Amino acid sequence: MKVYPVNNEKKSGVDDLFYEYKLGAKPFLKWVGGKRQLLEQFEKLYPIELKIKKIKNYYEPFVGGGAVFFDIAQNYEVENAFLYDINDELILTYKVIQKDVQKLIEFLFRYDKQYKKLSEEDRKQFFYEIRQNYNLQRFNIDYNKYSDNWIPRAAQTIFLNKTCFNGLFRFNSKGEFNSPVGKYKNPKILDKQNLLNVSKLLEIATIKKADFSEVKKDIKESSFVYFDPPYRPISKTASFTSYSKFNFQDDEQLKLAGLFYELDQQGHKLMLSNSDPKNTNPEDDFFETIYSAYNITRVDAKRSINSNGSKRNSIKEIVVTNY
Ligand SMILES: C[S@@+](CC[C@H](N)C(=O)[O-])C[C@H]1O[C@@H](n2cnc3c(N)ncnc32)[C@H](O)[C@@H]1O
């Protein structure tokens, strides 16, 4: 099924909705570093083997909101997808959509109804009550074992994501969700059709809460891997690497470059993106150095360069490929 970009208008939120999926499944959460706005440029950089249907296995070790997965799984003929992320709440939500989407829809339906009839002030209170409960309840969740209490948890994750400030779905170092309430008149707390579409698409997916290195254990012959690690911060004040309680410093970027090399040696097709350090320091050759054996392309990205999202400049993002 081919999905065409229909909307190039900028909307608010962290994951800029530059690319609308006309049909089918699209990301169900707003996610920092979301790639929807880059898909048109990325499509030109996918390996030819994907386009001529030779690649059947797709891997995304930093899946986040999954913009690239949704694109590839719907527009190319992959048969298996392996999706990983270190964020427990994110992976829990993917798995609930995969296994129990109807029950999840019922929970979200109730949140949506309750929330929409409240005044602005009461909505605020409702949000903070859910947030508090969410942070307390995390000690009662076994993130390693699927159970029925994952379903209301996933509903809360989606509710908070859709109603928090600017879609900034942020956790502090203790793992508490700490984004403030947002000001949306009509947030789409329940997008039933999309959740059903996502659930259907996830039938081909193996979803794991894991460090990116897990891909090494699972990888099958002739695969395509897309890596979208946390960005290296583009300025000292813009620390966009804190998606979770796990830090992603230069030593992790180096470990990832080591994995890239290993998978390249095994003959897989690899693509990796990151922010371009040259946006702020033209002398910074970090990625040119660690990916010197590969091709580096630059694409145009628009994203916030300060924490309140008010300053948006056209900046570059790098894409590394081994083909
Ligand atoms: C740039 S975001 C990915 C965004 C995604 N491409 C999208 O379109 O929404 C990076 C992701 O890496 C995850 N992450 C951070 N450290 C990780 C690690 N060591 N292993 C796996 N995932 C990690 C974060 O939780 C986050 O979801």
# chains A, B, ... in the order shown; residues from 1 in each chain; ligands from 1
>>> residues_around(residues="Phe165 in chain A", least_positions_apart="3", cutoff="9 Å", atoms="only C-alpha atoms", output="VMD selection string")
chain A and resid 13 161 to 162 168 to 169 179 to 184
>>> write_last_selection(atoms="C-alpha atoms", output="PDB file, in the first residue's frame")
ATOM      1  CA  GLY A  13       4.566  19.681  18.940  1.00  0.00           C
ATOM      2  CA  ASN A 161       1.393  12.035  25.847  1.00  0.00           C
ATOM      3  CA  LYS A 162      -1.572  13.616  24.087  1.00  0.00           C
ATOM      4  CA  LEU A 168       7.306  16.693  25.430  1.00  0.00           C
ATOM      5  CA  PHE A 169       7.127  13.198  26.836  1.00  0.00           C
ATOM      6  CA  SER A 179       6.106  17.084  31.697  1.00  0.00           C
ATOM      7  CA  PRO A 180       3.594  19.783  32.622  1.00  0.00           C
ATOM      8  CA  VAL A 181       0.050  19.932  31.316  1.00  0.00           C
ATOM      9  CA  GLY A 182      -0.464  21.168  27.746  1.00  0.00           C
ATOM     10  CA  LYS A 183      -3.096  23.537  26.421  1.00  0.00           C
ATOM     11  CA  TYR A 184      -4.925  21.677  23.703  1.00  0.00           C
TER      12      TYR A 184
END
>>> residues_near_ligand(ligand="ligand 1", cutoff="7 Å", atoms="only C-alpha atoms and all ligand atoms", output="VMD selection string")
chain A and resid 31 to 36 61 to 68 84 to 87 210 to 212 228 to 231 243 to 244 246 to 248
>>> atom_distance(atom1="CA of Gln74 in chain A", atom2="CA of Ala301 in chain A")
23.2 Å
>>> closest_atom_pairs(of="range 185-283 of chain A", to="range 37-50 of chain A", cutoff="9 Å", atoms="only C-alpha atoms", output="Markdown table")
| residue | atom | partner | partner_atom | distance |
| --- | --- | --- | --- | --- |
| A:Phe224 | CA | A:Leu50 | CA | 7.8 |
| A:Lys269 | CA | A:Pro47 | CA | 6.9 |
| A:Leu270 | CA | A:Pro47 | CA | 8.3 |
| A:Met271 | CA | A:Tyr46 | CA | 7.7 |
>>> write_last_selection(atoms="C-alpha atoms", output="PDB file, in the first residue's frame")
ATOM      1  CA  PHE A 224      18.015  -3.632   6.675  1.00  0.00           C
ATOM      2  CA  LYS A 269      22.233  -2.789   4.714  1.00  0.00           C
ATOM      3  CA  LEU A 270      22.572  -0.065   7.325  1.00  0.00           C
ATOM      4  CA  MET A 271      21.319   3.492   7.692  1.00  0.00           C
TER       5      MET A 271
END
>>> closest_residue(among="A:Gln137, A:Gln249, A:Thr289, A:Gln266", to="Lys220 in chain A", atoms="only C-alpha atoms")
A:Gln266
>>> closest_residue(among="A:Leu259, A:Ile318, A:Ile290, A:Leu90", to="Ser275 in chain A", atoms="only C-alpha atoms")
A:Ile318
>>> residues_around(residues="Tyr115 in chain A", least_positions_apart="3", cutoff="12 Å", atoms="only C-alpha atoms", output="compact mmCIF listing (two decimals) with C-alpha atoms, in the first residue's frame")
# COMPACT_ATOMS: atom_id res chain seq x y z
CA LEU A 108 -8.98 5.55 26.16
CA PHE A 109 -12.63 6.05 25.29
CA ARG A 110 -13.36 6.59 28.98
CA TYR A 111 -10.43 9.02 29.42
CA ASP A 112 -11.49 10.93 26.36
CA LEU A 118 -14.14 19.21 32.06
CA SER A 119 -13.39 22.94 32.29
CA GLU A 120 -9.84 24.09 31.58
CA GLU A 121 -9.04 24.24 35.29
CA ASP A 122 -10.50 20.80 35.99
CA ARG A 123 -8.63 19.32 33.03
CA LYS A 124 -5.44 20.55 34.57
CA GLN A 125 -6.24 18.90 37.86
CA PHE A 126 -7.25 15.68 36.09
CA PHE A 127 -3.94 15.64 34.20
CA ILE A 130 -3.22 10.91 36.40
CA PHE A 159 -3.43 10.07 27.58
CA LEU A 160 -0.45 11.87 29.15
CA LYS A 162 -1.57 13.62 24.09
CA THR A 163 -2.35 16.14 26.81
CA TYR A 184 -4.92 21.68 23.70
CA LYS A 185 -8.58 22.45 23.07
CA ASN A 186 -9.36 19.11 21.49
CA PRO A 187 -6.51 16.64 21.95
CA LYS A 188 -6.96 13.35 20.12
CA ILE A 189 -6.80 11.11 23.17
CA LEU A 190 -8.46 8.26 21.28
>>> residues_around(residues="range 282-285 of chain A", least_positions_apart="3", cutoff="12 Å", atoms="only C-alpha atoms", output="list in words")
Arg232, Ile234, Ser275, Asp276, Pro277, Lys278, Asn279, Glu288, Thr289, Ile290, Tyr291, Ser292, Ile296, Lys316 and Ile318 of chain A
>>> atom_distance(atom1="CA of Ile52 in chain A", atom2="CA of Ser222 in chain A")
13.1 Å
>>> atom_distance(atom1="CA of Ile158 in chain A", atom2="CA of Asp71 in chain A")
21.0 Å
>>> select_by_dssp(residues="range 70-312 of chain A", states="helix (DSSP H, G or I)", output="VMD selection string")
chain A and resid 70 to 75 88 to 116 120 to 140 150 to 163 165 to 167 192 to 204 212 to 218 250 to 265 277 to 279 286 to 290
